[in-house]
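Next comes input.csv, a file with CSV, C-alpha atoms and all ligand atoms.
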```csv
chain,number,residue,atom,x,y,z
T,1,MET,CA,-26.9,-22.8,-10.0
T,2,HIS,CA,-24.5,-22.1,-7.2
T,3,GLY,CA,-26.8,-20.3,-4.7
T,4,ASP,CA,-25.0,-19.6,-1.4
T,5,GLY,CA,-28.0,-19.0,0.7
T,6,SER,CA,-26.5,-15.6,1.8
T,7,GLY,CA,-29.7,-13.6,1.2
T,8,ASP,CA,-31.1,-11.8,-1.8
T,9,ARG,CA,-28.9,-8.8,-1.7
T,10,PRO,CA,-26.5,-8.6,-4.7
T,11,ASP,CA,-22.9,-8.3,-3.8
T,12,GLY,CA,-22.7,-5.0,-5.6
T,13,ALA,CA,-25.0,-3.6,-3.0
T,14,ALA,CA,-22.8,-4.9,-0.3
T,15,ASP,CA,-19.8,-3.3,-1.9
T,16,ALA,CA,-21.7,0.0,-2.2
T,17,ASP,CA,-22.4,0.0,1.5
T,18,ALA,CA,-18.8,-0.7,2.2
T,19,ALA,CA,-17.6,2.2,0.1
T,20,ARG,CA,-19.8,4.5,2.1
T,21,GLY,CA,-18.4,3.2,5.3
T,22,ALA,CA,-21.3,1.1,6.6
T,23,ALA,CA,-20.7,-2.6,7.3
T,24,PRO,CA,-22.5,-4.6,4.6
T,25,SER,CA,-24.6,-7.5,5.7
T,26,GLY,CA,-22.9,-10.8,5.5
T,27,THR,CA,-19.4,-9.4,5.5
T,28,GLU,CA,-16.9,-9.9,8.3
T,29,ALA,CA,-15.0,-6.6,8.6
T,30,VAL,CA,-14.8,-3.2,7.0
T,31,ALA,CA,-12.1,-0.6,7.4
T,32,THR,CA,-11.1,2.6,5.6
T,33,ARG,CA,-7.5,3.5,5.5
T,34,THR,CA,-5.0,5.9,4.1
T,35,PHE,CA,-1.2,5.5,3.9
T,36,ASP,CA,1.8,7.8,3.9
T,37,ALA,CA,3.8,5.9,1.4
T,38,PRO,CA,4.5,8.3,-1.6
T,39,GLU,CA,2.9,6.0,-4.1
T,40,LEU,CA,-0.3,5.7,-2.0
T,41,ARG,CA,-0.6,9.2,-0.8
T,42,GLY,CA,-3.9,10.9,-1.6
T,43,THR,CA,-5.7,7.5,-2.0
T,44,THR,CA,-8.4,6.1,0.4
T,45,PHE,CA,-8.7,2.4,0.7
T,46,HIS,CA,-12.0,0.8,1.6
T,47,GLU,CA,-11.3,-2.7,2.8
T,48,VAL,CA,-14.1,-5.2,2.5
T,49,ARG,CA,-14.7,-8.9,2.9
T,50,VAL,CA,-16.8,-10.1,0.1
T,51,ARG,CA,-19.0,-13.2,-0.1
T,52,SER,CA,-17.7,-14.3,-3.6
T,53,VAL,CA,-14.6,-13.4,-5.5
T,54,LEU,CA,-15.4,-15.2,-8.7
T,55,ASP,CA,-17.5,-13.1,-11.1
T,56,ARG,CA,-19.3,-14.6,-14.0
T,57,VAL,CA,-19.2,-12.5,-17.2
T,58,PRO,CA,-22.7,-11.6,-18.4
T,59,GLY,CA,-24.0,-14.1,-21.0
T,60,ALA,CA,-24.2,-11.6,-23.8
T,61,SER,CA,-20.6,-10.6,-23.4
T,62,ARG,CA,-18.2,-11.3,-26.3
T,63,MET,CA,-15.3,-11.9,-23.9
T,64,PRO,CA,-13.3,-15.0,-24.5
T,65,PHE,CA,-13.6,-16.0,-20.9
T,66,GLU,CA,-16.5,-16.7,-18.5
T,67,TRP,CA,-15.1,-16.2,-15.1
T,68,THR,CA,-13.1,-13.3,-13.6
T,69,VAL,CA,-11.4,-12.4,-10.4
T,70,ASN,CA,-10.9,-8.7,-9.6
T,71,PRO,CA,-9.5,-8.1,-6.1
T,72,TYR,CA,-9.8,-4.3,-6.4
T,73,ARG,CA,-12.4,-1.8,-7.7
T,74,GLY,CA,-11.1,1.6,-8.8
T,75,CYS,CA,-7.6,2.1,-10.1
T,76,ALA,CA,-4.8,4.5,-9.3
T,77,HIS,CA,-3.4,4.1,-12.8
T,78,ALA,CA,-6.0,6.7,-13.5
T,79,CYS,CA,-6.3,6.1,-17.3
T,80,VAL,CA,-8.7,8.8,-18.6
T,81,TYR,CA,-10.4,6.4,-21.0
T,82,CYS,CA,-10.9,3.6,-18.5
T,83,PHE,CA,-14.4,2.3,-18.8
T,84,ALA,CA,-14.4,0.5,-15.5
T,85,ARG,CA,-15.1,4.1,-14.2
T,86,LYS,CA,-18.8,3.5,-14.8
T,87,ALA,CA,-18.8,0.6,-12.3
T,88,HIS,CA,-17.6,3.0,-9.6
T,89,ALA,CA,-20.9,4.8,-9.8
T,90,HIS,CA,-22.5,1.5,-8.7
T,91,LEU,CA,-20.6,1.9,-5.4
T,92,GLY,CA,-22.0,5.4,-4.9
T,93,LEU,CA,-18.6,6.8,-5.8
T,94,ASP,CA,-17.4,9.4,-8.3
T,95,THR,CA,-16.3,8.1,-11.7
T,96,GLY,CA,-13.7,10.8,-12.2
T,97,THR,CA,-11.0,11.4,-9.5
T,98,GLY,CA,-13.1,9.2,-7.2
T,99,PHE,CA,-12.3,6.2,-9.4
T,100,ASP,CA,-8.6,7.1,-9.3
T,101,THR,CA,-8.3,7.8,-5.5
T,102,ARG,CA,-10.9,5.7,-3.7
T,103,ILE,CA,-10.0,2.0,-4.1
T,104,LEU,CA,-12.1,-0.8,-2.8
T,105,VAL,CA,-10.0,-3.7,-1.6
T,106,LYS,CA,-11.4,-7.2,-1.3
T,107,VAL,CA,-9.1,-8.3,1.6
T,108,ASN,CA,-10.4,-11.8,1.8
T,109,ALA,CA,-10.0,-12.5,-1.9
T,110,PRO,CA,-7.2,-15.1,-1.7
T,111,GLU,CA,-8.7,-17.2,1.1
T,112,LEU,CA,-12.1,-17.0,-0.5
T,113,LEU,CA,-10.9,-18.0,-3.9
T,114,ARG,CA,-9.1,-21.0,-2.5
T,115,ARG,CA,-12.4,-22.1,-0.9
T,116,GLN,CA,-14.4,-21.5,-4.0
T,117,LEU,CA,-12.0,-23.4,-6.2
T,118,ALA,CA,-12.2,-26.3,-3.9
T,119,SER,CA,-16.0,-26.5,-4.1
T,120,PRO,CA,-17.2,-29.6,-6.0
T,121,ARG,CA,-19.5,-27.3,-7.9
T,122,TRP,CA,-16.7,-25.2,-9.4
T,123,PRO,CA,-16.3,-26.3,-13.0
T,124,GLY,CA,-12.5,-25.8,-13.2
T,125,ALA,CA,-13.0,-23.1,-15.9
T,126,HIS,CA,-10.4,-20.6,-17.1
T,127,VAL,CA,-10.3,-17.6,-14.8
T,128,ALA,CA,-9.3,-14.1,-16.2
T,129,ILE,CA,-7.7,-11.9,-13.5
T,130,GLY,CA,-7.7,-8.1,-13.6
T,131,THR,CA,-10.1,-7.7,-16.5
T,132,ASN,CA,-12.2,-5.1,-14.7
T,133,VAL,CA,-9.4,-3.1,-13.0
T,134,ASP,CA,-5.7,-3.6,-12.8
T,135,CYS,CA,-4.7,-6.2,-10.2
T,136,TYR,CA,-1.1,-4.9,-10.1
T,137,GLN,CA,-2.0,-1.3,-9.4
T,138,PRO,CA,-0.1,0.5,-6.6
T,139,ALA,CA,-2.4,-0.8,-3.9
T,140,GLU,CA,-1.2,-4.3,-4.6
T,141,GLY,CA,2.2,-3.4,-3.3
T,142,ARG,CA,0.6,-2.8,0.1
T,143,TYR,CA,-2.1,-5.5,0.2
T,144,ARG,CA,-0.3,-8.3,-1.6
T,145,LEU,CA,-3.5,-10.1,-2.6
T,146,MET,CA,-2.2,-11.5,-5.9
T,147,PRO,CA,0.4,-14.0,-4.4
T,148,GLY,CA,-2.4,-15.8,-2.5
T,149,ILE,CA,-4.6,-15.7,-5.6
T,150,ILE,CA,-2.0,-17.2,-7.8
T,151,GLU,CA,-1.1,-19.8,-5.2
T,152,ALA,CA,-4.8,-20.9,-4.9
T,153,LEU,CA,-5.0,-21.3,-8.7
T,154,ARG,CA,-1.6,-23.1,-8.9
T,155,ASP,CA,-2.6,-25.5,-6.1
T,156,ARG,CA,-5.8,-26.5,-8.0
T,157,ALA,CA,-4.0,-26.5,-11.4
T,158,ASN,CA,-6.8,-24.1,-12.5
T,159,PRO,CA,-6.0,-22.4,-15.8
T,160,PHE,CA,-5.9,-18.6,-15.6
T,161,SER,CA,-4.7,-15.4,-17.3
T,162,VAL,CA,-3.6,-12.0,-16.0
T,163,LEU,CA,-4.1,-8.6,-17.8
T,164,THR,CA,-2.1,-5.7,-16.4
T,165,LYS,CA,-0.2,-2.5,-16.9
T,166,GLY,CA,1.6,-2.9,-13.6
T,167,THR,CA,5.3,-3.7,-13.3
T,168,LEU,CA,4.6,-5.1,-9.9
T,169,ILE,CA,3.7,-8.4,-11.6
T,170,LEU,CA,7.4,-9.2,-11.7
T,171,ARG,CA,7.3,-9.5,-7.9
T,172,ASP,CA,5.3,-12.7,-8.5
T,173,LEU,CA,7.4,-14.1,-11.3
T,174,ASP,CA,8.4,-17.2,-9.5
T,175,LEU,CA,4.8,-17.9,-8.6
T,176,LEU,CA,3.7,-17.4,-12.1
T,177,ARG,CA,6.4,-19.8,-13.3
T,178,GLN,CA,5.3,-22.4,-10.8
T,179,ALA,CA,1.7,-22.0,-11.9
T,180,ALA,CA,2.7,-22.4,-15.5
T,181,GLU,CA,4.2,-25.7,-14.7
T,182,ALA,CA,1.0,-26.9,-13.2
T,183,THR,CA,-1.6,-25.4,-15.6
T,184,ASP,CA,-2.3,-23.2,-18.5
T,185,VAL,CA,-1.2,-19.6,-17.7
T,186,GLY,CA,-1.5,-16.5,-20.0
T,187,VAL,CA,-0.2,-13.1,-19.2
T,188,CYS,CA,-1.1,-10.0,-21.2
T,189,VAL,CA,0.4,-6.6,-20.8
T,190,SER,CA,-1.5,-3.6,-22.0
T,191,VAL,CA,0.6,-1.1,-24.1
T,192,GLY,CA,-1.5,1.0,-26.5
T,193,PHE,CA,1.3,3.3,-27.6
T,194,THR,CA,4.8,4.3,-26.8
T,195,ASP,CA,4.4,8.1,-27.1
T,196,HIS,CA,5.5,9.7,-23.8
T,197,GLU,CA,3.5,12.9,-24.0
T,198,LEU,CA,0.3,10.9,-24.6
T,199,TRP,CA,1.2,8.5,-21.8
T,200,ARG,CA,1.8,11.3,-19.2
T,201,THR,CA,-1.6,12.9,-19.8
T,202,VAL,CA,-3.9,10.0,-20.6
T,203,GLU,CA,-2.5,7.3,-18.3
T,204,PRO,CA,-1.0,9.5,-15.6
T,205,GLY,CA,-0.7,6.9,-12.9
T,206,ALA,CA,0.4,3.9,-15.0
T,207,PRO,CA,4.0,2.8,-15.5
T,208,ALA,CA,5.7,4.2,-18.6
T,209,PRO,CA,5.2,2.2,-21.8
T,210,GLU,CA,8.9,1.1,-21.8
T,211,ARG,CA,8.6,-0.1,-18.2
T,212,ARG,CA,5.7,-2.3,-19.3
T,213,LEU,CA,7.7,-3.6,-22.2
T,214,ASP,CA,10.4,-4.4,-19.7
T,215,VAL,CA,7.8,-6.6,-18.0
T,216,VAL,CA,7.2,-8.4,-21.3
T,217,ARG,CA,10.9,-8.9,-21.7
T,218,ALA,CA,11.4,-10.2,-18.2
T,219,LEU,CA,8.4,-12.6,-18.5
T,220,ALA,CA,9.6,-13.9,-21.8
T,221,GLY,CA,13.1,-14.3,-20.4
T,222,ALA,CA,11.7,-16.4,-17.6
T,223,GLY,CA,9.7,-18.6,-19.9
T,224,VAL,CA,6.3,-17.2,-19.1
T,225,GLY,CA,4.8,-16.3,-22.5
T,226,CYS,CA,3.4,-12.8,-22.6
T,227,GLY,CA,1.2,-11.1,-25.2
T,228,VAL,CA,0.6,-7.4,-25.6
T,229,LEU,CA,-2.9,-5.9,-25.8
T,230,MET,CA,-2.2,-2.8,-27.9
T,231,ALA,CA,-5.0,-0.8,-26.2
T,232,PRO,CA,-6.2,1.6,-26.7
T,233,VAL,CA,-5.2,2.9,-30.0
T,234,VAL,CA,-6.2,6.6,-29.6
T,235,PRO,CA,-7.6,8.2,-32.7
T,236,PHE,CA,-5.7,11.3,-34.0
T,237,LEU,CA,-3.2,11.0,-31.2
T,238,GLY,CA,-1.7,7.6,-31.4
T,239,ASP,CA,-2.8,6.2,-34.7
T,240,ARG,CA,-0.4,7.5,-37.3
T,241,PRO,CA,1.3,4.7,-39.2
T,242,GLU,CA,4.7,5.6,-37.9
T,243,GLN,CA,3.4,5.6,-34.3
T,244,LEU,CA,1.8,2.2,-34.8
T,245,ARG,CA,4.9,0.9,-36.4
T,246,ALA,CA,7.1,2.2,-33.6
T,247,ALA,CA,4.8,0.6,-31.0
T,248,VAL,CA,4.7,-2.8,-32.7
T,249,ARG,CA,8.4,-2.8,-33.2
T,250,ALA,CA,9.0,-2.1,-29.5
T,251,VAL,CA,6.5,-4.9,-28.6
T,252,ALA,CA,8.3,-7.3,-30.9
T,253,GLU,CA,11.7,-6.4,-29.6
T,254,ALA,CA,10.4,-7.0,-26.1
T,255,GLY,CA,9.7,-10.6,-27.0
T,256,ALA,CA,5.9,-10.6,-26.9
T,257,THR,CA,4.2,-13.7,-28.1
T,258,SER,CA,1.4,-11.7,-29.8
T,259,VAL,CA,0.0,-8.3,-30.3
T,260,THR,CA,-3.7,-7.5,-30.4
T,261,PRO,CA,-4.8,-3.9,-31.3
T,262,LEU,CA,-8.0,-2.4,-29.9
T,263,VAL,CA,-9.2,1.0,-30.8
T,264,LEU,CA,-10.4,3.3,-28.0
T,265,HIS,CA,-14.0,3.1,-27.1
T,266,LEU,CA,-15.9,5.4,-25.0
T,267,ARG,CA,-18.8,4.2,-22.9
T,268,PRO,CA,-20.8,6.3,-20.6
T,269,GLY,CA,-18.7,7.0,-17.5
T,270,ALA,CA,-15.5,7.0,-19.5
T,271,ARG,CA,-16.8,9.2,-22.3
T,272,GLU,CA,-17.6,12.2,-20.1
T,273,TRP,CA,-14.2,12.0,-18.3
T,274,PHE,CA,-12.3,11.5,-21.6
T,275,THR,CA,-14.2,14.4,-23.3
T,276,ARG,CA,-13.3,16.7,-20.4
T,277,TRP,CA,-9.6,15.7,-20.8
T,278,LEU,CA,-9.9,16.3,-24.6
T,279,HIS,CA,-11.3,19.8,-24.0
T,280,ARG,CA,-8.3,20.6,-21.7
T,281,HIS,CA,-5.5,19.0,-23.7
T,282,HIS,CA,-6.6,18.8,-27.3
T,283,PRO,CA,-9.6,21.2,-27.8
T,284,GLY,CA,-9.0,21.2,-31.6
T,285,LEU,CA,-9.9,17.5,-31.7
T,286,VAL,CA,-13.3,17.7,-29.9
T,287,ARG,CA,-15.3,18.0,-33.0
T,288,ARG,CA,-13.5,15.2,-34.8
T,289,TYR,CA,-14.1,12.9,-31.8
T,290,GLU,CA,-17.8,13.9,-31.8
T,291,ALA,CA,-18.0,12.7,-35.4
T,292,MET,CA,-15.9,9.6,-34.8
T,293,TYR,CA,-18.1,8.5,-31.9
T,294,ALA,CA,-21.4,9.9,-33.1
T,295,ALA,CA,-22.9,6.5,-33.4
T,296,GLY,CA,-22.1,5.4,-29.8
T,297,ALA,CA,-19.2,4.0,-27.8
T,298,TYR,CA,-17.3,2.5,-30.7
T,299,ALA,CA,-15.3,4.0,-33.5
T,300,PRO,CA,-16.6,3.1,-37.0
T,301,THR,CA,-16.0,-0.4,-38.2
T,302,TRP,CA,-13.9,0.8,-41.2
T,303,TYR,CA,-11.6,2.6,-38.8
T,304,GLN,CA,-11.2,-0.4,-36.5
T,305,ARG,CA,-10.4,-2.6,-39.5
T,306,LEU,CA,-7.9,-0.1,-40.9
T,307,ILE,CA,-6.0,0.0,-37.6
T,308,THR,CA,-6.2,-3.8,-37.2
T,309,ARG,CA,-4.8,-4.3,-40.7
T,310,GLN,CA,-2.0,-1.9,-40.2
T,311,VAL,CA,-1.0,-3.4,-36.9
T,312,HIS,CA,-1.1,-6.9,-38.3
T,313,GLU,CA,1.1,-5.8,-41.2
T,314,PHE,CA,3.6,-4.3,-38.9
T,315,ALA,CA,3.4,-7.4,-36.7
T,316,ALA,CA,4.2,-9.6,-39.7
T,317,GLU,CA,7.1,-7.3,-40.6
T,318,PHE,CA,8.6,-7.7,-37.1
T,319,GLY,CA,7.8,-11.4,-36.8
T,320,ILE,CA,4.9,-11.6,-34.2
T,321,GLY,CA,1.3,-12.6,-34.7
T,322,PRO,CA,-2.1,-11.8,-33.3
T,323,ALA,CA,-3.3,-13.4,-30.0
T,324,GLY,CA,-3.9,-17.1,-30.2
T,325,ARG,CA,-0.7,-18.0,-32.1
T,326,GLY,CA,1.6,-17.7,-29.1
T,327,ALA,CA,-0.4,-16.9,-26.0
T,328,SER,CA,-1.4,-20.1,-24.3
T,329,ARG,CA,-4.9,-18.9,-23.3
T,330,PRO,CA,-7.2,-16.0,-24.1
T,331,ALA,CA,-6.5,-13.0,-21.9
T,332,VAL,CA,-8.0,-10.5,-24.2
T,333,PRO,CA,-11.2,-9.9,-26.1
T,334,PRO,CA,-11.2,-10.4,-29.9
T,335,ALA,CA,-10.4,-7.4,-32.1
T,336,GLY,CA,-13.5,-5.2,-32.2
T,337,GLY,CA,-14.7,-6.8,-29.0
T,338,GLU,CA,-16.1,-5.2,-26.0
T,339,ALA,CA,-13.2,-4.1,-23.8
T,340,PRO,CA,-10.2,-1.8,-24.4
T,341,GLY,CA,-8.3,-3.9,-21.8
T,342,HIS,CA,-9.6,-3.4,-18.4
T,343,GLY,CA,-13.2,-2.8,-17.8
T,344,ALA,CA,-14.5,-6.2,-18.8
T,345,ALA,CA,-17.2,-7.8,-16.7
T,346,ALA,CA,-17.9,-4.7,-14.8
T,347,GLY,CA,-21.4,-5.9,-14.1
T,348,PRO,CA,-21.2,-8.0,-10.9
T,349,THR,CA,-22.8,-11.3,-12.0
T,350,ARG,CA,-21.2,-13.6,-9.5
T,351,LEU,CA,-20.6,-17.2,-8.7
T,352,THR,CA,-21.8,-17.8,-5.2
T,353,LEU,CA,-20.1,-21.0,-4.1
T,354,ARG,CA,-19.6,-21.7,-0.4
T,401,LIG,S1,-7.4,1.0,-18.0
T,401,LIG,FE1,-6.7,-0.5,-16.5
T,401,LIG,S2,-4.8,0.4,-15.7
T,401,LIG,FE2,-6.0,2.0,-16.6
T,401,LIG,S3,-7.2,2.9,-14.9
T,401,LIG,FE3,-8.5,1.3,-16.0
T,401,LIG,S4,-8.1,-0.5,-14.8
T,401,LIG,FE4,-6.4,0.9,-14.3
```

Show me, as structure tokens, the structure contained in the file I just sent.
Ligand code: SF4
Amino acid sequence: MHGDGSGDRPDGAADADAARGAAPSGTEAVATRTFDAPELRGTTFHEVRVRSVLDRVPGASRMPFEWTVNPYRGCAHACVYCFARKAHAHLGLDTGTGFDTRILVKVNAPELLRRQLASPRWPGAHVAIGTNVDCYQPAEGRYRLMPGIIEALRDRANPFSVLTKGTLILRDLDLLRQAAEATDVGVCVSVGFTDHELWRTVEPGAPAPERRLDVVRALAGAGVGCGVLMAPVVPFLGDRPEQLRAAVRAVAEAGATSVTPLVLHLRPGAREWFTRWLHRHHPGLVRRYEAMYAAGAYAPTWYQRLITRQVHEFAAEFGIGPAGRGASRPAVPPAGGEAPGHGAAAGPTRLTLR
């Protein structure tokens, strides 16, 4: 449906050229920058102007949403398990440190989204933001793309959800509140565990779990309902009942509307990087992981069910429910679904409205 007449080159190819430094056809400007700010040091930003900012989730996906907006590719939160890593290879970039330190920035995302939402062909569907990579990663402090994106959705009263680990979302609290008065808005914060040692090594660029829970608290206090995606639950490192209970208790105390557990899964791209990390930090677990993930990217069903049941029991103990009972709109996949938080819709199937 929505052909834009912009040629037969997929946008992914255009992004790939941009990442290499060549101006992709049909784009208006490309720049590569670095910044001296401490939080951005060591990162290279490839600024691109894209033809479409609304991505359609592939039809076979089990995601509870059809359209996504992801203003960045690559993520300085640098989670070792992140399965959006694989998509970086599509840009001709390294899926290890390259994913963490070379960030593609869609600088025209807000203006383009506003235009696409105004098209008579746009169905007004729910838009999930930040499902591929985190939209409130450190780059957002510099580029400030999210305020324009939220304003565009607010002004069209278009329902949307945001998934993030970034505390920067609180900068846009007023905008989120305004949007929630106009339409259905769901926010989901990803907190898979509260263990500090695990956080420092497996999510080295992300805010600490308690800072993320502060975000939940602040959103709840401002009347913007916020669920927690408890992802990933990391086998043998973050799955002991007392660890799960402590995490669920902290989530409940923060005022989350729901908690949804997702066990770690390891797709190609993430799997190699995670295995390397495992060899370095927990060599004694390598064989157990090989057995756990022998059949593919997912942990066995029995294990996923066990974790889900335990988390739901703790959630009941502390008075919160699974997603759907409090969150206004789906921001997360179903338990046992495809994505451990970010990394959804990595395949660039796109809406091409003009
Ligand atoms: S899991 Fe999310 S926060 Fe972590 S690196 Fe991937 S996109 Fe960033």

Check which residues of chain T sit at most 10 Å from ligand LIG 401 (chain T) using all atoms listed in the file, and return one row each with the closest pair of atoms and their distance in Å to one decimal, ordered by chain and rising number, as a Markdown table.
```
| residue | atom | partner | partner_atom | distance |
| --- | --- | --- | --- | --- |
| T:Tyr72 | CA | T:LIG401 | S4 | 9.4 |
| T:Arg73 | CA | T:LIG401 | S4 | 8.4 |
| T:Gly74 | CA | T:LIG401 | S4 | 7.0 |
| T:Cys75 | CA | T:LIG401 | FE4 | 4.5 |
| T:Ala76 | CA | T:LIG401 | S3 | 6.3 |
| T:His77 | CA | T:LIG401 | S3 | 4.5 |
| T:Ala78 | CA | T:LIG401 | S3 | 4.2 |
| T:Cys79 | CA | T:LIG401 | S3 | 4.1 |
| T:Val80 | CA | T:LIG401 | S3 | 7.1 |
| T:Tyr81 | CA | T:LIG401 | S1 | 6.9 |
| T:Cys82 | CA | T:LIG401 | FE3 | 4.2 |
| T:Phe83 | CA | T:LIG401 | FE3 | 6.6 |
| T:Ala84 | CA | T:LIG401 | FE3 | 6.0 |
| T:Arg85 | CA | T:LIG401 | FE3 | 7.4 |
| T:Phe99 | CA | T:LIG401 | S3 | 8.2 |
| T:Asp100 | CA | T:LIG401 | S3 | 7.1 |
| T:Gly130 | CA | T:LIG401 | S4 | 7.7 |
| T:Thr131 | CA | T:LIG401 | S4 | 7.7 |
| T:Asn132 | CA | T:LIG401 | S4 | 6.2 |
| T:Val133 | CA | T:LIG401 | S4 | 3.4 |
| T:Asp134 | CA | T:LIG401 | S4 | 4.4 |
| T:Cys135 | CA | T:LIG401 | S4 | 8.1 |
| T:Tyr136 | CA | T:LIG401 | S2 | 8.6 |
| T:Gln137 | CA | T:LIG401 | FE4 | 6.9 |
| T:Pro138 | CA | T:LIG401 | FE4 | 10.0 |
| T:Leu163 | CA | T:LIG401 | FE1 | 8.6 |
| T:Thr164 | CA | T:LIG401 | S2 | 6.7 |
| T:Lys165 | CA | T:LIG401 | S2 | 5.6 |
| T:Gly166 | CA | T:LIG401 | S2 | 7.5 |
| T:Ser190 | CA | T:LIG401 | S2 | 8.2 |
| T:Val202 | CA | T:LIG401 | FE2 | 9.2 |
| T:Glu203 | CA | T:LIG401 | FE2 | 6.6 |
| T:Pro204 | CA | T:LIG401 | FE2 | 9.1 |
| T:Gly205 | CA | T:LIG401 | S3 | 7.9 |
| T:Ala206 | CA | T:LIG401 | S2 | 6.3 |
| T:Pro207 | CA | T:LIG401 | S2 | 9.1 |
| T:Ala231 | CA | T:LIG401 | S1 | 8.7 |
| T:Pro232 | CA | T:LIG401 | S1 | 8.8 |
| T:Ala270 | CA | T:LIG401 | FE3 | 9.7 |
| T:Ala339 | CA | T:LIG401 | S1 | 9.7 |
| T:Pro340 | CA | T:LIG401 | S1 | 7.5 |
| T:Gly341 | CA | T:LIG401 | S1 | 6.3 |
| T:His342 | CA | T:LIG401 | FE1 | 4.5 |
| T:Gly343 | CA | T:LIG401 | S4 | 6.3 |
| T:Ala344 | CA | T:LIG401 | S4 | 9.5 |
```

- Query: For the atom pair atom CA of T:Ser258 and atom CA of T:Cys188, what is the interatomic distance in Å to one decimal place?
  - Reply: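 Atom-to-atom, atom CA of T:Ser258 to atom CA of T:Cys188, that is 9.1 Å.
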
- Of the candidates T:Asn70, T:Ser161, T:Thr194, T:Thr167, which shows the shortest atom-to-atom distance to T:Lys106, using only C-alpha atoms? T:Asn70

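Separating atom CA of T:Arg211 from atom CA of T:Leu264 is a distance of 21.6 Å.
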
- Task: Using only C-alpha atoms, determine which residues lie at most 12 Å from T:Arg309, disregarding the query and same-chain residues fewer than 2 positions distant; provide the list as a count of residues only.
- Result: 21

- Item | Atomic distance atom CA of T:Ala152 - atom CA of T:Val216, expressed in Å with one decimal | 23.9 Å

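Minimum atom-to-atom distances from T:Leu213, T:Glu272, T:Leu176, T:Arg267 to T:Gly296 were compared using all atoms listed in the file, and the lowest value belongs to T:Arg267.
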
Six-sided padding of 4 Å per side, axis-aligned box over stretch 118-127 of chain T, centre and edges in Å, one decimal, as JSON:
```
{"center_x": -14.9, "center_y": -23.6, "center_z": -10.5, "size_x": 17.2, "size_y": 20.0, "size_z": 21.2}
```

- Return the single residue from T:Tyr289, T:Phe65, T:Phe274, T:Phe193 that is closest to T:Val162, with distances computed using all atoms listed in the file.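 When distances to T:Val162 are compared using all atoms listed in the file, the smallest one comes from T:Phe65.
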
- Kindly indicate which residue among T:Arg142, T:Arg200, T:Arg114, T:Arg280 lies nearest to T:Asp36, using all atoms listed in the file for the distances.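 That would be T:Arg142, the residue with the smallest distance to T:Asp36.
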
- Among the residues T:Glu197, T:Val224, T:Arg121, T:Val191, the one that comes closest to T:Asp172 [using only C-alpha atoms]: T:Val224

- Item | Shell of 8 Å around T:Ala208, all atoms listed in the file, local chain residues under 3 positions omitted, as a list in words | His196, Trp199, Arg211 and Arg212 of chain T

Could you turn the residues from that selection into a file that holds C-alpha atoms, as a short mmCIF file (atom, residue, chain, number, x, y, z; two decimals), in the coordinates of the input?
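Once written, out22.cif looks like this:
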```cif
data_model
loop_
_atom_site.label_atom_id
_atom_site.label_comp_id
_atom_site.auth_asym_id
_atom_site.auth_seq_id
_atom_site.Cartn_x
_atom_site.Cartn_y
_atom_site.Cartn_z
CA HIS T 196 5.50 9.70 -23.80
CA TRP T 199 1.20 8.50 -21.80
CA ARG T 211 8.60 -0.10 -18.20
CA ARG T 212 5.70 -2.30 -19.30
#
```

- Query: Looking at T:Cys226, T:Leu198, T:Leu175, T:Leu219, which one is nearest to T:His282, with distances taken over all atoms listed in the file?
  - Reply: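 Answer, going by the shortest atom-to-atom distance: T:Leu198.
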